[in-house]
Amino acid sequence: GEDVEQSLFLSVREGDSSVINCTYTDSSSTYLYWYKQEPGAGLQLLTYIFSNMDMKQDQRLTVLLNKKDKHLSLRIADTQTGDSAIYFCAESDGGYNKLIFGAGTRLAVHP
Amino acid sequence: DVKVTQSSRYLVKRTGEKVFLECVQDMDHENMFWYRQDPGLGLRLIYFSYDVKMKEKGDIPEGYSVSREKKERFSLILESASTNQTSMYLCASSLPGDPYEQYFGPGTRLTVT
């Protein structure tokens with residue numbers, strides 16, 4: 001079945017770039033997603049990329065997609081303390097309007 | 001602005017009790033979802049619904065049931081709560097069709113003692 005894997009923790013210094021990586025298994029996913037969960041809150045869509053694209057940039061966020069290796073990454077430039085959160089990678093599950101989420105990467109930003 | 005609300009932020013129940021978790025969305029979304037979130041396991045789908053009175057099992061439906069009598073409301077029921085159902089429960093809703101933006105509620109942290 002489908003599976004999404006990501007590392008559980010990442011610690012960066014404020015002002016540095018953060019790179020969160022994810023691998024997925026379902027090559028038929030039309031879109032791949034990054035969701036963000038701040039402390040005490042539900043998830044919120046951060047960005048998504050169409051599977052025919054290699055890269056998408058949105059202000060401080062850059063999403064890279066390597067479809068051959070089924071590898072997705074999220075780069076956050078100039079990481080701030082407000083970026084501390086859990087970041088979930090997700091792929092869509094065919095035609096069922098479902099998302100398959102990874103375990104989430106907890107990003108800790110320290111001064 | 002889409003809003004998904006859940007009936008409780010924190011809930012403590014005893015083993016064997018019947019537990020109801022309520023979720024309401026105000027954007028006329030067809031799809032609604034119940035997940036549980038556990039450290040290191042991410043979000044696991046319990047049940048989802050793509051229309052009123054329709055429901056589909058997710059990855060971990062055992063020990064749970066759902067009800068969707070109205071479009072805006074999706075209830076998760078723990079028939080007989082057990083300690084291994086202690087978790088954070090998240091409700092979400094979405095429109096059908098790509099890309100799937102799911103809107104999440106704030107979650108209910110359920111403790112079963």
# chains A, B, ... in the order shown; residues from 1 in each chain; ligands from 1
call {"tool": "closest_atom_pairs", "arguments": {"of": "chain A", "to": "chain B", "cutoff": "12 Å", "atoms": "only C-alpha atoms", "output": "Markdown table"}}
result
| residue | atom | partner | partner_atom | distance |
| --- | --- | --- | --- | --- |
| A:Gly1 | CA | B:Asp59 | CA | 10.8 |
| A:Glu2 | CA | B:Asp59 | CA | 11.2 |
| A:Asp3 | CA | B:Arg44 | CA | 11.5 |
| A:Val4 | CA | B:Gly42 | CA | 10.0 |
| A:Glu5 | CA | B:Gly42 | CA | 10.0 |
| A:Gln6 | CA | B:Gly42 | CA | 10.1 |
| A:Ser7 | CA | B:Gly40 | CA | 9.5 |
| A:Leu8 | CA | B:Gly40 | CA | 7.0 |
| A:Phe9 | CA | B:Gly40 | CA | 10.1 |
| A:Ser29 | CA | B:Asp98 | CA | 10.1 |
| A:Thr30 | CA | B:Asp98 | CA | 7.6 |
| A:Tyr31 | CA | B:Pro99 | CA | 6.4 |
| A:Leu32 | CA | B:Pro99 | CA | 8.7 |
| A:Tyr33 | CA | B:Tyr100 | CA | 8.8 |
| A:Trp34 | CA | B:Glu101 | CA | 10.4 |
| A:Tyr35 | CA | B:Gln102 | CA | 9.5 |
| A:Lys36 | CA | B:Phe104 | CA | 10.9 |
| A:Gln37 | CA | B:Pro106 | CA | 9.8 |
| A:Glu38 | CA | B:Pro106 | CA | 10.1 |
| A:Pro39 | CA | B:Pro106 | CA | 9.9 |
| A:Gly40 | CA | B:Pro106 | CA | 7.0 |
| A:Ala41 | CA | B:Pro106 | CA | 4.6 |
| A:Gly42 | CA | B:Pro106 | CA | 4.3 |
| A:Leu43 | CA | B:Phe104 | CA | 5.7 |
| A:Gln44 | CA | B:Tyr103 | CA | 6.7 |
| A:Leu45 | CA | B:Glu101 | CA | 6.5 |
| A:Leu46 | CA | B:Glu101 | CA | 9.7 |
| A:Thr47 | CA | B:Glu101 | CA | 9.6 |
| A:Tyr48 | CA | B:Pro99 | CA | 8.0 |
| A:Ile49 | CA | B:Pro99 | CA | 9.1 |
| A:Phe50 | CA | B:Pro99 | CA | 8.5 |
| A:Ser51 | CA | B:Pro99 | CA | 11.0 |
| A:Ile86 | CA | B:Gly42 | CA | 9.9 |
| A:Tyr87 | CA | B:Gly42 | CA | 10.1 |
| A:Phe88 | CA | B:Gly42 | CA | 8.0 |
| A:Cys89 | CA | B:Gly42 | CA | 10.0 |
| A:Ala90 | CA | B:Leu43 | CA | 10.1 |
| A:Glu91 | CA | B:Tyr100 | CA | 9.5 |
| A:Ser92 | CA | B:Tyr100 | CA | 7.5 |
| A:Asp93 | CA | B:Tyr100 | CA | 10.1 |
| A:Gly94 | CA | B:Asp98 | CA | 10.2 |
| A:Gly95 | CA | B:Gly97 | CA | 8.3 |
| A:Tyr96 | CA | B:Pro96 | CA | 8.7 |
| A:Asn97 | CA | B:Pro96 | CA | 6.1 |
| A:Lys98 | CA | B:Tyr100 | CA | 7.8 |
| A:Leu99 | CA | B:Tyr100 | CA | 7.7 |
| A:Ile100 | CA | B:Arg44 | CA | 8.1 |
| A:Phe101 | CA | B:Leu43 | CA | 6.1 |
| A:Gly102 | CA | B:Gly42 | CA | 5.9 |
| A:Ala103 | CA | B:Gly42 | CA | 3.5 |
| A:Gly104 | CA | B:Gly42 | CA | 5.7 |
| A:Thr105 | CA | B:Gly40 | CA | 9.1 |
| A:Arg106 | CA | B:Gly40 | CA | 10.0 |
call {"tool": "write_last_selection", "arguments": {"atoms": "C-alpha atoms", "output": "PDB file, in the first residue's frame"}}
result
ATOM      1  CA  GLY A   1       0.000   0.000   0.000  1.00  0.00           C
ATOM      2  CA  GLU A   2       0.908   3.637  -0.014  1.00  0.00           C
ATOM      3  CA  ASP A   3       3.471   4.844   2.471  1.00  0.00           C
ATOM      4  CA  VAL A   4       5.026   8.202   3.251  1.00  0.00           C
ATOM      5  CA  GLU A   5       8.235   8.409   5.272  1.00  0.00           C
ATOM      6  CA  GLN A   6       9.998  11.349   6.838  1.00  0.00           C
ATOM      7  CA  SER A   7      12.517  11.860   9.599  1.00  0.00           C
ATOM      8  CA  LEU A   8      11.067  12.756  12.992  1.00  0.00           C
ATOM      9  CA  PHE A   9      13.242  15.644  14.176  1.00  0.00           C
ATOM     10  CA  SER A  29      -0.410  10.939  -6.806  1.00  0.00           C
ATOM     11  CA  THR A  30      -1.430  14.008  -8.787  1.00  0.00           C
ATOM     12  CA  TYR A  31      -0.347  16.388  -6.059  1.00  0.00           C
ATOM     13  CA  LEU A  32       1.999  16.177  -3.093  1.00  0.00           C
ATOM     14  CA  TYR A  33       1.477  18.305  -0.042  1.00  0.00           C
ATOM     15  CA  TRP A  34       3.131  19.888   2.943  1.00  0.00           C
ATOM     16  CA  TYR A  35       1.021  20.589   6.001  1.00  0.00           C
ATOM     17  CA  LYS A  36       2.109  22.460   9.124  1.00  0.00           C
ATOM     18  CA  GLN A  37       0.895  21.858  12.677  1.00  0.00           C
ATOM     19  CA  GLU A  38       1.634  24.526  15.241  1.00  0.00           C
ATOM     20  CA  PRO A  39       1.515  23.649  18.950  1.00  0.00           C
ATOM     21  CA  GLY A  40      -2.029  23.029  20.166  1.00  0.00           C
ATOM     22  CA  ALA A  41      -3.590  23.348  16.725  1.00  0.00           C
ATOM     23  CA  GLY A  42      -4.799  21.227  13.876  1.00  0.00           C
ATOM     24  CA  LEU A  43      -2.939  20.910  10.594  1.00  0.00           C
ATOM     25  CA  GLN A  44      -2.920  23.656   8.012  1.00  0.00           C
ATOM     26  CA  LEU A  45      -2.012  23.346   4.342  1.00  0.00           C
ATOM     27  CA  LEU A  46       1.336  25.039   3.777  1.00  0.00           C
ATOM     28  CA  THR A  47       1.911  24.342   0.100  1.00  0.00           C
ATOM     29  CA  TYR A  48       1.471  21.683  -2.560  1.00  0.00           C
ATOM     30  CA  ILE A  49       3.121  20.756  -5.818  1.00  0.00           C
ATOM     31  CA  PHE A  50       1.653  19.265  -8.960  1.00  0.00           C
ATOM     32  CA  SER A  51       3.365  15.990  -9.803  1.00  0.00           C
ATOM     33  CA  ILE A  86       5.524  19.736  12.993  1.00  0.00           C
ATOM     34  CA  TYR A  87       5.629  19.447   9.202  1.00  0.00           C
ATOM     35  CA  PHE A  88       3.730  16.656   7.486  1.00  0.00           C
ATOM     36  CA  CYS A  89       4.325  15.406   3.996  1.00  0.00           C
ATOM     37  CA  ALA A  90       1.261  13.885   2.299  1.00  0.00           C
ATOM     38  CA  GLU A  91       0.268  12.224  -0.944  1.00  0.00           C
ATOM     39  CA  SER A  92      -3.239  11.784  -2.313  1.00  0.00           C
ATOM     40  CA  ASP A  93      -4.844   8.376  -2.441  1.00  0.00           C
ATOM     41  CA  GLY A  94      -6.120   7.908  -5.970  1.00  0.00           C
ATOM     42  CA  GLY A  95      -9.712   8.973  -6.436  1.00  0.00           C
ATOM     43  CA  TYR A  96     -10.911   8.705  -2.884  1.00  0.00           C
ATOM     44  CA  ASN A  97     -10.211  12.264  -1.762  1.00  0.00           C
ATOM     45  CA  LYS A  98      -7.957  10.875   0.935  1.00  0.00           C
ATOM     46  CA  LEU A  99      -4.512  11.959   1.973  1.00  0.00           C
ATOM     47  CA  ILE A 100      -1.782   9.649   3.221  1.00  0.00           C
ATOM     48  CA  PHE A 101       0.343  11.461   5.785  1.00  0.00           C
ATOM     49  CA  GLY A 102       3.866  10.850   6.925  1.00  0.00           C
ATOM     50  CA  ALA A 103       4.716  10.702  10.626  1.00  0.00           C
ATOM     51  CA  GLY A 104       5.664  14.367  10.709  1.00  0.00           C
ATOM     52  CA  THR A 105       8.997  16.144  11.226  1.00  0.00           C
ATOM     53  CA  ARG A 106       9.278  18.257  14.350  1.00  0.00           C
TER      54      ARG A 106
END
call {"tool": "residues_around", "arguments": {"residues": "region 63-79 of chain A", "least_positions_apart": "5", "cutoff": "9 Å", "atoms": "only C-alpha atoms", "output": "PyMOL selection string"}}
result
chain A and resi 12-27+32+34+47-49+51-58+84+89+109
call {"tool": "atom_distance", "arguments": {"atom1": "CA of Val19 (chain B)", "atom2": "CA of Ser80 (chain B)"}}
result
7.5 Å
call {"tool": "select_by_dssp", "arguments": {"residues": "chain B", "states": "strand (DSSP E or B)", "output": "ChimeraX atom specification"}}
result
/B:4-6,10-13,19-25,31-38,42-49,56-57,64-70,73-78,87-94,103-104,108-112
call {"tool": "residues_around", "arguments": {"residues": "Asp51 (chain B)", "least_positions_apart": "4", "cutoff": "8 Å", "atoms": "only C-alpha atoms", "output": "list in words"}}
result
Glu30, Asn31, Lys55 and Lys71 of chain B
call {"tool": "atom_distance", "arguments": {"atom1": "CA of Leu21 (chain B)", "atom2": "CA of Ile77 (chain B)"}}
result
6.4 Å
call {"tool": "closest_residue", "arguments": {"among": "B:Arg73, B:Ser8, B:Ser87, B:Thr113", "to": "His29 (chain B)", "atoms": "only C-alpha atoms"}}
result
B:Arg73
call {"tool": "atom_distance", "arguments": {"atom1": "CA of Gly16 (chain B)", "atom2": "CA of Tyr64 (chain B)"}}
result
12.9 Å
call {"tool": "residues_around", "arguments": {"residues": "Gln85 (chain B)", "least_positions_apart": "5", "cutoff": "9 Å", "atoms": "only C-alpha atoms", "output": "list of chain:residue names"}}
result
B:Arg36, B:Gly63, B:Leu78, B:Leu110, B:Thr111, B:Val112
call {"tool": "closest_residue", "arguments": {"among": "B:Met54, B:Cys23, B:Val66, B:Ile60", "to": "Glu79 (chain B)", "atoms": "only C-alpha atoms"}}
result
B:Val66
call {"tool": "decode", "arguments": {"residues": "region 22-66 of chain A", "atoms": "N, CA and C atoms", "output": "compact mmCIF listing (two decimals), in the first residue's frame"}}
result
# COMPACT_ATOMS: atom_id res chain seq x y z
N CYS A 22 11.18 13.89 2.52
CA CYS A 22 10.07 12.95 2.55
C CYS A 22 10.21 12.00 1.36
N THR A 23 9.89 10.73 1.57
CA THR A 23 9.79 9.80 0.45
C THR A 23 8.39 9.21 0.44
N TYR A 24 7.89 8.93 -0.74
CA TYR A 24 6.53 8.41 -0.87
C TYR A 24 6.56 7.23 -1.84
N THR A 25 5.46 6.49 -1.88
CA THR A 25 5.48 5.27 -2.70
C THR A 25 4.51 5.32 -3.88
N ASP A 26 3.44 6.12 -3.78
CA ASP A 26 2.42 6.06 -4.82
C ASP A 26 2.74 7.02 -5.96
N SER A 27 3.22 6.50 -7.06
CA SER A 27 3.62 7.36 -8.18
C SER A 27 2.42 7.95 -8.91
N SER A 28 1.21 7.51 -8.56
CA SER A 28 0.03 8.06 -9.26
C SER A 28 -0.53 9.30 -8.59
N SER A 29 0.08 9.74 -7.48
CA SER A 29 -0.41 10.94 -6.81
C SER A 29 -0.32 12.14 -7.73
N THR A 30 -1.43 12.84 -7.91
CA THR A 30 -1.43 14.01 -8.79
C THR A 30 -0.75 15.20 -8.12
N TYR A 31 -0.95 15.31 -6.84
CA TYR A 31 -0.35 16.39 -6.06
C TYR A 31 0.35 15.79 -4.84
N LEU A 32 1.35 16.51 -4.36
CA LEU A 32 2.00 16.18 -3.09
C LEU A 32 1.95 17.42 -2.23
N TYR A 33 1.84 17.21 -0.93
CA TYR A 33 1.48 18.31 -0.04
C TYR A 33 2.44 18.42 1.14
N TRP A 34 2.51 19.64 1.65
CA TRP A 34 3.13 19.89 2.94
C TRP A 34 2.12 20.59 3.84
N TYR A 35 1.89 20.00 5.00
CA TYR A 35 1.02 20.59 6.00
C TYR A 35 1.87 20.97 7.21
N LYS A 36 1.41 21.98 7.93
CA LYS A 36 2.11 22.46 9.12
C LYS A 36 1.18 22.37 10.32
N GLN A 37 1.69 21.89 11.45
CA GLN A 37 0.90 21.86 12.68
C GLN A 37 1.64 22.62 13.76
N GLU A 38 1.06 23.75 14.15
CA GLU A 38 1.63 24.53 15.24
C GLU A 38 1.16 23.95 16.57
N PRO A 39 1.88 24.23 17.65
CA PRO A 39 1.51 23.65 18.95
C PRO A 39 0.06 23.92 19.32
N GLY A 40 -0.65 22.89 19.71
CA GLY A 40 -2.03 23.03 20.17
C GLY A 40 -3.05 23.26 19.07
N ALA A 41 -2.67 23.07 17.83
CA ALA A 41 -3.59 23.35 16.73
C ALA A 41 -3.70 22.16 15.79
N GLY A 42 -4.69 22.23 14.92
CA GLY A 42 -4.80 21.23 13.88
C GLY A 42 -3.82 21.53 12.76
N LEU A 43 -3.84 20.71 11.72
CA LEU A 43 -2.94 20.91 10.59
C LEU A 43 -3.48 21.99 9.67
N GLN A 44 -2.55 22.62 8.97
CA GLN A 44 -2.92 23.66 8.01
C GLN A 44 -2.10 23.44 6.76
N LEU A 45 -2.75 23.53 5.59
CA LEU A 45 -2.01 23.35 4.34
C LEU A 45 -0.99 24.47 4.18
N LEU A 46 0.26 24.06 3.96
CA LEU A 46 1.34 25.04 3.78
C LEU A 46 1.56 25.30 2.29
N THR A 47 1.70 24.24 1.53
CA THR A 47 1.91 24.34 0.10
C THR A 47 1.69 22.97 -0.52
N TYR A 48 1.56 22.96 -1.85
CA TYR A 48 1.47 21.68 -2.56
C TYR A 48 2.15 21.84 -3.91
N ILE A 49 2.47 20.72 -4.52
CA ILE A 49 3.12 20.76 -5.82
C ILE A 49 2.45 19.75 -6.74
N PHE A 50 2.22 20.16 -7.95
CA PHE A 50 1.65 19.26 -8.96
C PHE A 50 2.74 18.27 -9.36
N SER A 51 2.37 17.04 -9.60
CA SER A 51 3.37 15.99 -9.80
C SER A 51 4.19 16.16 -11.08
N ASN A 52 3.73 17.01 -11.99
CA ASN A 52 4.50 17.26 -13.22
C ASN A 52 5.54 18.36 -13.06
N MET A 53 5.57 18.95 -11.88
CA MET A 53 6.53 20.03 -11.62
C MET A 53 7.74 19.48 -10.87
N ASP A 54 8.89 20.15 -11.06
CA ASP A 54 10.09 19.78 -10.31
C ASP A 54 10.27 20.67 -9.08
N MET A 55 9.80 21.89 -9.19
CA MET A 55 10.05 22.85 -8.14
C MET A 55 8.89 23.84 -8.06
N LYS A 56 8.65 24.28 -6.84
CA LYS A 56 7.68 25.35 -6.63
C LYS A 56 8.23 26.26 -5.55
N GLN A 57 8.17 27.56 -5.79
CA GLN A 57 8.68 28.52 -4.82
C GLN A 57 7.55 29.44 -4.37
N ASP A 58 7.50 29.66 -3.07
CA ASP A 58 6.47 30.53 -2.51
C ASP A 58 7.09 31.28 -1.35
N GLN A 59 7.57 32.49 -1.60
CA GLN A 59 8.24 33.32 -0.60
C GLN A 59 9.42 32.56 0.00
N ARG A 60 9.40 32.26 1.29
CA ARG A 60 10.56 31.58 1.90
C ARG A 60 10.54 30.07 1.69
N LEU A 61 9.50 29.56 1.09
CA LEU A 61 9.34 28.11 0.92
C LEU A 61 9.72 27.68 -0.49
N THR A 62 10.50 26.60 -0.57
CA THR A 62 10.81 25.98 -1.85
C THR A 62 10.52 24.50 -1.74
N VAL A 63 9.71 24.00 -2.65
CA VAL A 63 9.40 22.57 -2.69
C VAL A 63 10.12 21.97 -3.89
N LEU A 64 10.85 20.89 -3.65
CA LEU A 64 11.52 20.17 -4.72
C LEU A 64 10.93 18.78 -4.83
N LEU A 65 10.67 18.35 -6.05
CA LEU A 65 10.10 17.03 -6.28
C LEU A 65 10.98 16.26 -7.24
N ASN A 66 11.45 15.11 -6.81
CA ASN A 66 12.19 14.19 -7.66
C ASN A 66 11.29 12.98 -7.87
